[in-house]
Amino acid sequence: MRARKAITLALFLTSLSFISNYANAESVLTPPAGGSMYLGAYVDYLSGDAQSLTNNVATFEGTTGKSLAWNIILNEWGSNLQFPWYESYAAYNAGSTPLIRVLPRSVDYETDAVDPILRLDYMNRGDFDAQIKQWADVAKQLPFPVLVEFAPEANGNWYQWSGTFYDNGPALYQAVYQRFINICRQEGATNITWVFHMNNLSNPATANNTMAQYYPGDSYIDWLGISVVGALYQTDYWDNFTDLLDPGYTEMAAVSTTKPIAIVEASVIESLQDPNKKAGWITDAYNAMKSGSYPRIKAFSFWSEPSWTTEGNDLRVDSSPQTLAAARAMFLDQMFITGTAWSTRH
């Protein structure tokens with residue numbers, strides 16, 4: 001308890017210095033010019049623990065030799081539906097923008113079924129409006145801007161909010177995301193850049209489960225985001241990065257012709273058979289980003305997480321010397337920038 005109070009005081013005192021640096025509460029993240037792109041990451045940390053986030057950001061940046069434009073923060077809504085205040089300050093104090101990933105579920109793991117409490121239809125009828133208003137009221141008090149994505153990868157079938165679990169699920173998801181944004185704006189939380197994040201491939205790949213079916217619209221969304229994730233188990237087929245990116249990029253670019261695109265989540269496991277396989281996957285990603293073939297992509301974010309099964313599913317950026325060397329070669333390219341720019345939302 002003493003440690004948590006100390007962190008609270010330290011974050012509050014540190015925040016005072018940021019107030020004068022953030023005068024425009026209507027700011028939205030501006031895409032970099034030319035072929036540059038922001039570099040972000042998820043660094044594995046204990047959810048709700050600002051100190052572990054701070055420590056792991058420092059380790060990630062020290063290992064790769066590159067600072068980050070944003071850090072992904074997992075916002076498990078659970079039954080409390082609280083804004084991640086501590087982690088947001090920790091990310092900002094580390095020199096990056098918080099990218100808050102809202103996970104509307106009552107448990108902090110995937111269940112491949114509709115959540116019994118935080119159902120999309122319940123949210124759409126207003127059952128959680130009061131809690132969302134409180135969430136927004138905390139967000140608007142931050143003296144710095146944040147990025148927020150709601151219920152990512154809904155075009156898959158592994159999260160509780162998947163459109164495949166509801167009748168007319170994509171339209172329901174779209175309505176809930178619009179409702180969430182409307183409440184935040186009504187409460188004055190206009191310091192949020194809104195991200196629409198889908199998986200690179202829809203599962204199932206049906207006509208009513210496409211990215212466009214879920215899209216809340218250009219008047220709601222500021223950035224488009226996709227996941228490009230390779231093999232997650234040792235027995236998985238190994239697609240290279242570009243083969244995974246191409247269909248997702250093409251489909252997402254058609255969702256909106258004007259919004260910048262971010263690869264919000266990119267990663268692959270370390271192969272136990274071939275120590276050069278993951279490094280080659282990252283090098284392929286690097287070459288793709290340098291190629292000029294994807295002009296709408298304005299950010300790249302790496303997902304760094306240790307093994308979650310006994311067989312070995314290591315997604316970390318330093319899971320092997322070869323992997324780290326490939327990651328450093330990519331991240332240290334001047335194409336990837338870490339300072340963020342902001343403009344007024346029109």
# chains A, B, ... in the order shown; residues from 1 in each chain; ligands from 1
>>> closest_atom_pairs(of="stretch 41-139 of chain A", to="stretch 337-345 of chain A", cutoff="9 Å", atoms="only C-alpha atoms", output="JSON lines")
{"residue": "A:Lys66", "atom": "CA", "partner": "A:Thr338", "partner_atom": "CA", "distance": 8.2}
{"residue": "A:Ser67", "atom": "CA", "partner": "A:Thr338", "partner_atom": "CA", "distance": 6.2}
{"residue": "A:Leu68", "atom": "CA", "partner": "A:Thr338", "partner_atom": "CA", "distance": 5.1}
{"residue": "A:Ala69", "atom": "CA", "partner": "A:Thr338", "partner_atom": "CA", "distance": 4.1}
{"residue": "A:Trp70", "atom": "CA", "partner": "A:Thr338", "partner_atom": "CA", "distance": 7.8}
{"residue": "A:Gly95", "atom": "CA", "partner": "A:Gly339", "partner_atom": "CA", "distance": 8.7}
{"residue": "A:Ser96", "atom": "CA", "partner": "A:Thr338", "partner_atom": "CA", "distance": 7.8}
{"residue": "A:Thr97", "atom": "CA", "partner": "A:Thr340", "partner_atom": "CA", "distance": 7.9}
>>> write_last_selection(atoms="C-alpha atoms", output="mmCIF file, in the first residue's frame")
data_model
loop_
_atom_site.group_PDB
_atom_site.id
_atom_site.type_symbol
_atom_site.label_atom_id
_atom_site.label_comp_id
_atom_site.auth_asym_id
_atom_site.auth_seq_id
_atom_site.Cartn_x
_atom_site.Cartn_y
_atom_site.Cartn_z
ATOM 1 C CA LYS A 66 15.424 2.774 -29.620
ATOM 2 C CA SER A 67 12.811 4.739 -27.701
ATOM 3 C CA LEU A 68 9.121 4.359 -28.494
ATOM 4 C CA ALA A 69 6.472 6.706 -29.856
ATOM 5 C CA TRP A 70 3.746 4.761 -28.065
ATOM 6 C CA GLY A 95 8.510 9.522 -23.019
ATOM 7 C CA SER A 96 5.809 7.798 -25.070
ATOM 8 C CA THR A 97 2.114 8.175 -25.816
#
>>> residues_around(residues="stretch 179-181 of chain A", least_positions_apart="6", cutoff="8 Å", atoms="only C-alpha atoms", output="list in words")
Asn124, Ile132 and Tyr220 of chain A
>>> write_last_selection(atoms="N, CA and C atoms", output="PDB file, in the first residue's frame")
ATOM      1  N   ASN A 124     -24.891  -1.626 -25.934  1.00  0.00           N
ATOM      2  CA  ASN A 124     -25.606  -0.831 -26.925  1.00  0.00           C
ATOM      3  C   ASN A 124     -26.922  -0.288 -26.398  1.00  0.00           C
ATOM      4  N   ILE A 132     -18.999   4.264 -18.407  1.00  0.00           N
ATOM      5  CA  ILE A 132     -18.224   4.821 -19.518  1.00  0.00           C
ATOM      6  C   ILE A 132     -18.034   6.326 -19.326  1.00  0.00           C
ATOM      7  N   TYR A 220     -15.825   9.253 -36.882  1.00  0.00           N
ATOM      8  CA  TYR A 220     -15.513   8.710 -35.555  1.00  0.00           C
ATOM      9  C   TYR A 220     -14.044   8.312 -35.417  1.00  0.00           C
TER      10      TYR A 220
END
>>> residues_around(residues="A:Asn155", least_positions_apart="6", cutoff="8 Å", atoms="only C-alpha atoms", output="number ranges by chain")
A: 162-164, 170, 198-199, 201-204, 209-211, 214
>>> write_last_selection(atoms="N, CA, C and O atoms", output="CSV table (one decimal), in the first residue's frame")
chain,number,residue,atom,x,y,z
A,162,SER,N,-16.4,-10.8,-30.6
A,162,SER,CA,-16.4,-11.1,-32.0
A,162,SER,C,-17.8,-11.0,-32.6
A,162,SER,O,-18.7,-11.4,-32.0
A,163,GLY,N,-17.8,-10.4,-33.8
A,163,GLY,CA,-19.1,-10.3,-34.4
A,163,GLY,C,-19.8,-11.6,-34.8
A,163,GLY,O,-21.0,-11.7,-35.0
A,164,THR,N,-19.0,-12.7,-34.8
A,164,THR,CA,-19.5,-14.0,-35.2
A,164,THR,C,-20.3,-14.6,-34.0
A,164,THR,O,-21.1,-15.5,-34.3
A,170,PRO,N,-21.4,-7.6,-36.7
A,170,PRO,CA,-20.6,-6.4,-37.1
A,170,PRO,C,-21.3,-5.1,-36.9
A,170,PRO,O,-20.7,-4.1,-36.5
A,198,MET,N,-8.5,-4.1,-36.7
A,198,MET,CA,-9.0,-5.4,-37.1
A,198,MET,C,-7.8,-6.3,-37.3
A,198,MET,O,-6.7,-5.9,-37.5
A,199,ASN,N,-8.1,-7.6,-37.4
A,199,ASN,CA,-7.1,-8.6,-37.8
A,199,ASN,C,-6.8,-8.6,-39.3
A,199,ASN,O,-7.7,-8.2,-40.0
A,201,LEU,N,-6.7,-10.9,-41.4
A,201,LEU,CA,-7.6,-11.8,-42.1
A,201,LEU,C,-8.8,-12.1,-41.2
A,201,LEU,O,-8.7,-12.3,-40.0
A,202,SER,N,-10.0,-12.0,-41.8
A,202,SER,CA,-11.2,-12.3,-41.1
A,202,SER,C,-11.4,-13.8,-40.9
A,202,SER,O,-11.1,-14.6,-41.8
A,203,ASN,N,-11.9,-14.2,-39.7
A,203,ASN,CA,-12.2,-15.6,-39.4
A,203,ASN,C,-13.5,-15.7,-38.7
A,203,ASN,O,-13.6,-15.3,-37.6
A,204,PRO,N,-14.5,-16.2,-39.4
A,204,PRO,CA,-14.6,-16.8,-40.7
A,204,PRO,C,-14.5,-15.7,-41.8
A,204,PRO,O,-14.9,-14.6,-41.6
A,209,ASN,N,-18.5,-10.6,-42.6
A,209,ASN,CA,-17.5,-10.5,-41.5
A,209,ASN,C,-16.3,-9.8,-42.0
A,209,ASN,O,-15.2,-10.1,-41.6
A,210,THR,N,-16.5,-8.8,-42.9
A,210,THR,CA,-15.3,-8.0,-43.4
A,210,THR,C,-15.1,-6.8,-42.5
A,210,THR,O,-15.9,-6.4,-41.7
A,211,MET,N,-13.9,-6.2,-42.7
A,211,MET,CA,-13.5,-5.1,-41.9
A,211,MET,C,-14.5,-3.9,-42.1
A,211,MET,O,-14.9,-3.3,-41.1
A,214,TYR,N,-17.6,-3.5,-39.9
A,214,TYR,CA,-17.4,-3.1,-38.5
A,214,TYR,C,-17.1,-1.6,-38.3
A,214,TYR,O,-17.2,-1.1,-37.2
>>> select_by_dssp(residues="stretch 89-190 of chain A", states="strand (DSSP E or B)", output="JSON, numbers by chain")
{"A": [97, 98, 99, 100, 101, 102, 103, 146, 147, 148, 149, 150]}
>>> select_by_dssp(residues="stretch 28-94 of chain A", states="helix (DSSP H, G or I)", output="PDB file with N, CA, C and O atoms, in the first residue's frame")
ATOM      1  N   ALA A  50       1.855   0.001 -12.751  1.00  0.00           N
ATOM      2  CA  ALA A  50       2.585   1.053 -13.448  1.00  0.00           C
ATOM      3  C   ALA A  50       4.087   0.857 -13.347  1.00  0.00           C
ATOM      4  O   ALA A  50       4.831   1.174 -14.276  1.00  0.00           O
ATOM      5  N   GLN A  51       4.552   0.324 -12.214  1.00  0.00           N
ATOM      6  CA  GLN A  51       5.993   0.165 -12.038  1.00  0.00           C
ATOM      7  C   GLN A  51       6.550  -0.903 -12.973  1.00  0.00           C
ATOM      8  O   GLN A  51       7.636  -0.738 -13.535  1.00  0.00           O
ATOM      9  N   SER A  52       5.823  -2.012 -13.155  1.00  0.00           N
ATOM     10  CA  SER A  52       6.313  -3.054 -14.059  1.00  0.00           C
ATOM     11  C   SER A  52       6.318  -2.552 -15.502  1.00  0.00           C
ATOM     12  O   SER A  52       7.205  -2.908 -16.284  1.00  0.00           O
ATOM     13  N   LEU A  53       5.346  -1.704 -15.861  1.00  0.00           N
ATOM     14  CA  LEU A  53       5.344  -1.099 -17.190  1.00  0.00           C
ATOM     15  C   LEU A  53       6.573  -0.214 -17.372  1.00  0.00           C
ATOM     16  O   LEU A  53       7.283  -0.302 -18.377  1.00  0.00           O
ATOM     17  N   THR A  54       6.838   0.623 -16.368  1.00  0.00           N
ATOM     18  CA  THR A  54       8.008   1.497 -16.424  1.00  0.00           C
ATOM     19  C   THR A  54       9.295   0.689 -16.580  1.00  0.00           C
ATOM     20  O   THR A  54      10.151   1.008 -17.422  1.00  0.00           O
ATOM     21  N   ASN A  55       9.432  -0.351 -15.791  1.00  0.00           N
ATOM     22  CA  ASN A  55      10.641  -1.181 -15.844  1.00  0.00           C
ATOM     23  C   ASN A  55      10.797  -1.863 -17.203  1.00  0.00           C
ATOM     24  O   ASN A  55      11.900  -1.901 -17.767  1.00  0.00           O
ATOM     25  N   ASN A  56       9.694  -2.393 -17.734  1.00  0.00           N
ATOM     26  CA  ASN A  56       9.782  -3.152 -18.970  1.00  0.00           C
ATOM     27  C   ASN A  56       9.964  -2.264 -20.193  1.00  0.00           C
ATOM     28  O   ASN A  56      10.588  -2.676 -21.177  1.00  0.00           O
ATOM     29  N   VAL A  57       9.437  -1.039 -20.134  1.00  0.00           N
ATOM     30  CA  VAL A  57       9.707  -0.092 -21.208  1.00  0.00           C
ATOM     31  C   VAL A  57      11.198   0.229 -21.242  1.00  0.00           C
ATOM     32  O   VAL A  57      11.835   0.238 -22.307  1.00  0.00           O
ATOM     33  N   ALA A  58      11.776   0.475 -20.064  1.00  0.00           N
ATOM     34  CA  ALA A  58      13.206   0.779 -19.992  1.00  0.00           C
ATOM     35  C   ALA A  58      14.047  -0.388 -20.509  1.00  0.00           C
ATOM     36  O   ALA A  58      15.031  -0.191 -21.235  1.00  0.00           O
ATOM     37  N   THR A  59      13.642  -1.618 -20.169  1.00  0.00           N
ATOM     38  CA  THR A  59      14.372  -2.799 -20.635  1.00  0.00           C
ATOM     39  C   THR A  59      14.261  -2.950 -22.151  1.00  0.00           C
ATOM     40  O   THR A  59      15.254  -3.210 -22.842  1.00  0.00           O
ATOM     41  N   PHE A  60      13.051  -2.777 -22.680  1.00  0.00           N
ATOM     42  CA  PHE A  60      12.836  -2.896 -24.126  1.00  0.00           C
ATOM     43  C   PHE A  60      13.666  -1.865 -24.877  1.00  0.00           C
ATOM     44  O   PHE A  60      14.359  -2.196 -25.851  1.00  0.00           O
ATOM     45  N   GLU A  61      13.604  -0.624 -24.432  1.00  0.00           N
ATOM     46  CA  GLU A  61      14.330   0.434 -25.128  1.00  0.00           C
ATOM     47  C   GLU A  61      15.841   0.266 -24.976  1.00  0.00           C
ATOM     48  O   GLU A  61      16.599   0.533 -25.916  1.00  0.00           O
ATOM     49  N   GLY A  62      16.276  -0.200 -23.817  1.00  0.00           N
ATOM     50  CA  GLY A  62      17.696  -0.430 -23.621  1.00  0.00           C
ATOM     51  C   GLY A  62      18.208  -1.576 -24.470  1.00  0.00           C
ATOM     52  O   GLY A  62      19.331  -1.536 -24.994  1.00  0.00           O
ATOM     53  N   THR A  63      17.376  -2.601 -24.625  1.00  0.00           N
ATOM     54  CA  THR A  63      17.772  -3.774 -25.408  1.00  0.00           C
ATOM     55  C   THR A  63      17.830  -3.469 -26.901  1.00  0.00           C
ATOM     56  O   THR A  63      18.752  -3.889 -27.598  1.00  0.00           O
ATOM     57  N   THR A  64      16.827  -2.740 -27.400  1.00  0.00           N
ATOM     58  CA  THR A  64      16.755  -2.463 -28.833  1.00  0.00           C
ATOM     59  C   THR A  64      17.551  -1.227 -29.233  1.00  0.00           C
ATOM     60  O   THR A  64      17.875  -1.057 -30.410  1.00  0.00           O
ATOM     61  N   TRP A  85      -5.346   4.891 -15.381  1.00  0.00           N
ATOM     62  CA  TRP A  85      -4.686   6.157 -15.053  1.00  0.00           C
ATOM     63  C   TRP A  85      -3.211   5.953 -14.746  1.00  0.00           C
ATOM     64  O   TRP A  85      -2.350   6.661 -15.271  1.00  0.00           O
ATOM     65  N   TYR A  86      -2.891   4.997 -13.892  1.00  0.00           N
ATOM     66  CA  TYR A  86      -1.504   4.783 -13.474  1.00  0.00           C
ATOM     67  C   TYR A  86      -0.614   4.421 -14.653  1.00  0.00           C
ATOM     68  O   TYR A  86       0.463   4.981 -14.832  1.00  0.00           O
ATOM     69  N   GLU A  87      -1.060   3.459 -15.463  1.00  0.00           N
ATOM     70  CA  GLU A  87      -0.252   3.029 -16.592  1.00  0.00           C
ATOM     71  C   GLU A  87      -0.097   4.127 -17.636  1.00  0.00           C
ATOM     72  O   GLU A  87       0.944   4.245 -18.284  1.00  0.00           O
ATOM     73  N   SER A  88      -1.141   4.946 -17.814  1.00  0.00           N
ATOM     74  CA  SER A  88      -1.052   6.038 -18.780  1.00  0.00           C
ATOM     75  C   SER A  88       0.037   7.026 -18.387  1.00  0.00           C
ATOM     76  O   SER A  88       0.841   7.460 -19.225  1.00  0.00           O
ATOM     77  N   TYR A  89       0.074   7.368 -17.109  1.00  0.00           N
ATOM     78  CA  TYR A  89       1.128   8.265 -16.643  1.00  0.00           C
ATOM     79  C   TYR A  89       2.496   7.604 -16.744  1.00  0.00           C
ATOM     80  O   TYR A  89       3.495   8.256 -17.084  1.00  0.00           O
ATOM     81  N   ALA A  90       2.565   6.321 -16.450  1.00  0.00           N
ATOM     82  CA  ALA A  90       3.846   5.621 -16.529  1.00  0.00           C
ATOM     83  C   ALA A  90       4.380   5.643 -17.958  1.00  0.00           C
ATOM     84  O   ALA A  90       5.573   5.883 -18.183  1.00  0.00           O
ATOM     85  N   ALA A  91       3.514   5.395 -18.924  1.00  0.00           N
ATOM     86  CA  ALA A  91       3.935   5.420 -20.322  1.00  0.00           C
ATOM     87  C   ALA A  91       4.377   6.817 -20.727  1.00  0.00           C
ATOM     88  O   ALA A  91       5.420   6.998 -21.372  1.00  0.00           O
ATOM     89  N   TYR A  92       3.603   7.813 -20.330  1.00  0.00           N
ATOM     90  CA  TYR A  92       3.944   9.185 -20.709  1.00  0.00           C
ATOM     91  C   TYR A  92       5.227   9.649 -20.030  1.00  0.00           C
ATOM     92  O   TYR A  92       6.076  10.311 -20.639  1.00  0.00           O
ATOM     93  N   ASN A  93       5.393   9.293 -18.787  1.00  0.00           N
ATOM     94  CA  ASN A  93       6.623   9.655 -18.083  1.00  0.00           C
ATOM     95  C   ASN A  93       7.841   8.965 -18.682  1.00  0.00           C
ATOM     96  O   ASN A  93       8.971   9.440 -18.519  1.00  0.00           O
TER      97      ASN A  93
END
>>> closest_residue(among="A:Thr193, A:Ser301, A:Ser256, A:Thr111", to="A:Ser227", atoms="only C-alpha atoms")
A:Ser301
>>> closest_residue(among="A:Thr242, A:Ser271, A:Lys140, A:Ala325", to="A:Ser293", atoms="only C-alpha atoms")
A:Thr242
>>> atom_distance(atom1="atom CA of A:Pro145", atom2="atom CA of A:Gly188")
12.7 Å
>>> residues_around(residues="A:Asp115", least_positions_apart="4", cutoff="7 Å", atoms="only C-alpha atoms", output="number ranges by chain")
A: 105-106, 119, 160
>>> write_last_selection(atoms="N, CA and C atoms", output="PDB file, in the first residue's frame")
ATOM      1  N   ARG A 105     -14.435  -7.060 -21.372  1.00  0.00           N
ATOM      2  CA  ARG A 105     -14.756  -8.408 -20.947  1.00  0.00           C
ATOM      3  C   ARG A 105     -14.640  -8.475 -19.436  1.00  0.00           C
ATOM      4  N   SER A 106     -15.324  -9.430 -18.838  1.00  0.00           N
ATOM      5  CA  SER A 106     -15.354  -9.511 -17.372  1.00  0.00           C
ATOM      6  C   SER A 106     -14.234 -10.389 -16.823  1.00  0.00           C
ATOM      7  N   ARG A 119     -21.626  -7.726 -22.479  1.00  0.00           N
ATOM      8  CA  ARG A 119     -22.105  -8.091 -23.806  1.00  0.00           C
ATOM      9  C   ARG A 119     -22.261  -6.840 -24.668  1.00  0.00           C
ATOM     10  N   GLN A 160     -14.283 -12.208 -26.951  1.00  0.00           N
ATOM     11  CA  GLN A 160     -15.682 -12.259 -26.521  1.00  0.00           C
ATOM     12  C   GLN A 160     -16.584 -11.306 -27.316  1.00  0.00           C
TER      13      GLN A 160
END
>>> closest_residue(among="A:Pro275, A:Gly65, A:Gly40, A:Gly35", to="A:Leu332", atoms="only C-alpha atoms")
A:Gly65
>>> closest_atom_pairs(of="stretch 162-276 of chain A", to="stretch 29-32 of chain A", cutoff="9 Å", atoms="only C-alpha atoms", output="Markdown table")
| residue | atom | partner | partner_atom | distance |
| --- | --- | --- | --- | --- |
| A:Ile192 | CA | A:Leu29 | CA | 8.9 |
| A:Thr193 | CA | A:Leu29 | CA | 6.2 |
| A:Asp222 | CA | A:Leu29 | CA | 8.0 |
| A:Trp223 | CA | A:Leu29 | CA | 8.5 |
| A:Pro260 | CA | A:Pro31 | CA | 6.6 |
| A:Ile261 | CA | A:Pro31 | CA | 8.9 |
>>> residues_around(residues="A:Gly217", least_positions_apart="4", cutoff="12 Å", atoms="only C-alpha atoms", output="NGL selection string")
:A and (171 or 174-175 or 177-178 or 181 or 194-196 or 211-213 or 221-224 or 255-259)
